[in-house]
Amino acid sequence: MTLHVQEWGSGDRVAVLIHGLGNSSDSWWRVGPALAEHGYRVVAVDFPGHGRSAPLAAYDTEVLAAAVVASVPREPALAIGHSLGGLVLAHAVSELRPEIAVYEDPAFVVSPDPAVAEHFRRQKGWGIADLEREHPRWEDTSLRHKLAALAAWDATTVDHFGSFAPAPVDTAVVPSVIVLADPSRLVPPPFADTLSDRGFAVDVVPGSGHVIHLDDHDGFLAALTRHGVIGAVRARP
């Protein structure tokens, strides 16, 4: 399956961006142009059943990872996966082979608990007031993109959480950075320490929620800077 992608920039280094559950490539509306300013050609995918990509009859990590690999250039300079995108990147990284992989508050394990699925399913009916309450730090553009993403999202994705295999993170296959929310519910400190021992560089953006690049865009870019993904950046006034 070939996914819909959108691109920013025309640099000779490719960056692949992979969004999270119930979102779309539009969630990278600030990160994409920022990376383009640092010389990347940025390729952001829409997962199956998300954004402008067609839905599937069934979802699992293998099919999502294969769809991403089939839709973007191999051996990019950079690959970033947020949340579910981090899980999928972990499954795709051996074949995709980026020079560096960045896992943004990754969902390395997806709970099969029906209550978790129902929590996400309810978001399908959210309006702008719900999003403002859940994400008080987001800009209006981020809220509008998320509302459109929820409308386009195939919520049957959550019916297949039991088929989402945990991330193969016994070792860092390529140089890898994990950028975490503060606190992270998905990668709590003991797990973060274990990943650090396995060769993953672990960073935390203080005070950030789960969608770090929308909660604190400058903080997210600063984390990328600390690990050599981009050059020094100035905070927005």
# chains A, B, ... in the order shown; residues from 1 in each chain; ligands from 1
>>> select_by_dssp(residues="range 31-203 of chain A", states="strand (DSSP E or B)", output="ChimeraX atom specification")
/A:40-45,78-82,100-104,176-180,201-203
>>> closest_atom_pairs(of="range 138-220 of chain A", to="range 36-58 of chain A", cutoff="6 Å", atoms="only C-alpha atoms", output="tab-separated table")
residue	atom	partner	partner_atom	distance
A:Ala149	CA	A:Gly51	CA	5.8
A:Ala152	CA	A:Gly51	CA	5.7
A:Trp153	CA	A:His50	CA	4.6
A:Asp154	CA	A:Gly49	CA	4.8
>>> select_by_dssp(residues="range 32-80 of chain A", states="alpha helix (DSSP H)", output="PyMOL selection string")
chain A and resi 32-37+61-71
>>> write_last_selection(atoms="C-alpha atoms", output="CSV table (one decimal), in the first residue's frame")
chain,number,residue,atom,x,y,z
A,32,GLY,CA,8.2,20.2,8.5
A,33,PRO,CA,9.0,23.7,7.4
A,34,ALA,CA,11.5,24.1,10.3
A,35,LEU,CA,13.4,21.0,9.1
A,36,ALA,CA,13.3,22.3,5.6
A,37,GLU,CA,15.0,25.5,6.7
A,61,THR,CA,2.3,-3.0,13.2
A,62,GLU,CA,3.6,-5.1,10.3
A,63,VAL,CA,1.2,-3.7,7.7
A,64,LEU,CA,1.7,-0.1,9.0
A,65,ALA,CA,5.5,-0.4,8.9
A,66,ALA,CA,5.4,-1.9,5.4
A,67,ALA,CA,3.2,0.9,4.1
A,68,VAL,CA,5.6,3.5,5.5
A,69,VAL,CA,8.6,1.8,4.0
A,70,ALA,CA,6.9,1.5,0.6
A,71,SER,CA,6.0,5.2,0.6
>>> atom_distance(atom1="CA of Pro114 in chain A", atom2="CA of His160 in chain A")
10.3 Å
>>> closest_atom_pairs(of="range 162-226 of chain A", to="range 17-27 of chain A", cutoff="12 Å", atoms="only C-alpha atoms", output="CSV")
residue,atom,partner,partner_atom,distance
A:His210,CA,A:Gly20,CA,10.4
A:Val211,CA,A:Gly20,CA,8.8
A:Ile212,CA,A:Ser27,CA,11.1
A:His213,CA,A:Ser27,CA,8.7
A:Leu214,CA,A:Ser27,CA,7.8
A:Asp215,CA,A:Ser27,CA,11.4
A:His217,CA,A:Ser27,CA,11.5
>>> write_last_selection(atoms="C-alpha atoms", output="CSV table (one decimal), in the first residue's frame")
chain,number,residue,atom,x,y,z
A,210,HIS,CA,2.4,13.9,24.9
A,211,VAL,CA,2.4,15.7,21.6
A,212,ILE,CA,5.7,17.5,22.3
A,213,HIS,CA,6.1,19.2,18.9
A,214,LEU,CA,2.7,20.9,19.3
A,215,ASP,CA,2.8,21.5,23.0
A,217,HIS,CA,7.6,23.5,19.3
>>> closest_residue(among="A:Leu180, A:Ala79, A:Met1, A:Arg122", to="Val102 in chain A", atoms="only C-alpha atoms")
A:Ala79
>>> closest_residue(among="A:Ile100, A:Leu195, A:Val14, A:Ala148", to="Arg74 in chain A", atoms="only C-alpha atoms")
A:Val14
>>> atom_distance(atom1="CA of His227 in chain A", atom2="CA of Val177 in chain A")
7.6 Å
>>> atom_distance(atom1="CA of Arg30 in chain A", atom2="CA of Leu147 in chain A")
16.7 Å
>>> residues_around(residues="Arg198 in chain A", least_positions_apart="6", cutoff="7 Å", atoms="only C-alpha atoms", output="ChimeraX atom specification")
/A:170-172
>>> residues_around(residues="range 125-127 of chain A", least_positions_apart="6", cutoff="10 Å", atoms="only C-alpha atoms", output="PyMOL selection string")
chain A and resi 143-144+146-147+150-151
>>> closest_atom_pairs(of="range 96-142 of chain A", to="range 185-188 of chain A", cutoff="9 Å", atoms="only C-alpha atoms", output="Markdown table")
| residue | atom | partner | partner_atom | distance |
| --- | --- | --- | --- | --- |
| A:Asp105 | CA | A:Leu186 | CA | 6.8 |
| A:Pro106 | CA | A:Leu186 | CA | 6.7 |
| A:Ala107 | CA | A:Leu186 | CA | 5.8 |
| A:Phe108 | CA | A:Leu186 | CA | 7.5 |
| A:Val109 | CA | A:Leu186 | CA | 7.9 |
>>> decode(residues="range 64-117 of chain A", atoms="C-alpha atoms", output="PDB file, in the first residue's frame")
ATOM      1  CA  LEU A  64       1.687  -0.102   8.955  1.00  0.00           C
ATOM      2  CA  ALA A  65       5.475  -0.397   8.896  1.00  0.00           C
ATOM      3  CA  ALA A  66       5.417  -1.939   5.403  1.00  0.00           C
ATOM      4  CA  ALA A  67       3.177   0.871   4.148  1.00  0.00           C
ATOM      5  CA  VAL A  68       5.560   3.516   5.492  1.00  0.00           C
ATOM      6  CA  VAL A  69       8.634   1.842   3.991  1.00  0.00           C
ATOM      7  CA  ALA A  70       6.877   1.550   0.610  1.00  0.00           C
ATOM      8  CA  SER A  71       5.952   5.239   0.600  1.00  0.00           C
ATOM      9  CA  VAL A  72       9.166   7.081   1.547  1.00  0.00           C
ATOM     10  CA  PRO A  73      12.793   7.116   0.391  1.00  0.00           C
ATOM     11  CA  ARG A  74      15.028   4.420   1.899  1.00  0.00           C
ATOM     12  CA  GLU A  75      18.024   5.393   4.020  1.00  0.00           C
ATOM     13  CA  PRO A  76      16.842   8.918   4.890  1.00  0.00           C
ATOM     14  CA  ALA A  77      19.078  11.157   6.946  1.00  0.00           C
ATOM     15  CA  LEU A  78      16.398  11.360   9.640  1.00  0.00           C
ATOM     16  CA  ALA A  79      13.187   9.600  10.655  1.00  0.00           C
ATOM     17  CA  ILE A  80      10.894  10.874  13.429  1.00  0.00           C
ATOM     18  CA  GLY A  81       7.954   8.888  14.777  1.00  0.00           C
ATOM     19  CA  HIS A  82       5.483  10.265  17.318  1.00  0.00           C
ATOM     20  CA  SER A  83       3.500   7.972  19.647  1.00  0.00           C
ATOM     21  CA  LEU A  84       2.083   5.183  17.427  1.00  0.00           C
ATOM     22  CA  GLY A  85       4.434   6.528  14.773  1.00  0.00           C
ATOM     23  CA  GLY A  86       7.306   5.738  17.126  1.00  0.00           C
ATOM     24  CA  LEU A  87       6.109   2.158  17.474  1.00  0.00           C
ATOM     25  CA  VAL A  88       5.821   1.811  13.707  1.00  0.00           C
ATOM     26  CA  LEU A  89       9.241   3.395  13.182  1.00  0.00           C
ATOM     27  CA  ALA A  90      10.746   0.857  15.592  1.00  0.00           C
ATOM     28  CA  HIS A  91       9.307  -1.931  13.449  1.00  0.00           C
ATOM     29  CA  ALA A  92      10.409  -0.283  10.190  1.00  0.00           C
ATOM     30  CA  VAL A  93      13.850   0.980  11.202  1.00  0.00           C
ATOM     31  CA  SER A  94      15.824  -2.115  10.188  1.00  0.00           C
ATOM     32  CA  GLU A  95      14.517  -1.827   6.629  1.00  0.00           C
ATOM     33  CA  LEU A  96      14.219   1.948   6.405  1.00  0.00           C
ATOM     34  CA  ARG A  97      17.769   2.453   7.820  1.00  0.00           C
ATOM     35  CA  PRO A  98      17.734   6.174   8.658  1.00  0.00           C
ATOM     36  CA  GLU A  99      21.014   7.751   9.693  1.00  0.00           C
ATOM     37  CA  ILE A 100      19.294   8.741  12.937  1.00  0.00           C
ATOM     38  CA  ALA A 101      15.904   7.795  14.375  1.00  0.00           C
ATOM     39  CA  VAL A 102      13.976  10.039  16.759  1.00  0.00           C
ATOM     40  CA  TYR A 103      11.166   8.532  18.827  1.00  0.00           C
ATOM     41  CA  GLU A 104       8.870  11.248  20.206  1.00  0.00           C
ATOM     42  CA  ASP A 105       7.081  10.023  23.363  1.00  0.00           C
ATOM     43  CA  PRO A 106       6.697   6.654  21.628  1.00  0.00           C
ATOM     44  CA  ALA A 107       3.960   4.109  22.276  1.00  0.00           C
ATOM     45  CA  PHE A 108       6.394   1.193  22.284  1.00  0.00           C
ATOM     46  CA  VAL A 109       3.665  -0.968  23.835  1.00  0.00           C
ATOM     47  CA  VAL A 110      -0.035  -0.646  22.917  1.00  0.00           C
ATOM     48  CA  SER A 111      -2.424  -1.908  25.562  1.00  0.00           C
ATOM     49  CA  PRO A 112      -5.106  -4.342  24.359  1.00  0.00           C
ATOM     50  CA  ASP A 113      -7.363  -3.239  27.243  1.00  0.00           C
ATOM     51  CA  PRO A 114     -10.815  -2.405  25.774  1.00  0.00           C
ATOM     52  CA  ALA A 115     -10.963   0.657  28.036  1.00  0.00           C
ATOM     53  CA  VAL A 116      -7.917   2.085  26.255  1.00  0.00           C
ATOM     54  CA  ALA A 117      -9.525   1.513  22.864  1.00  0.00           C
TER      55      ALA A 117
END
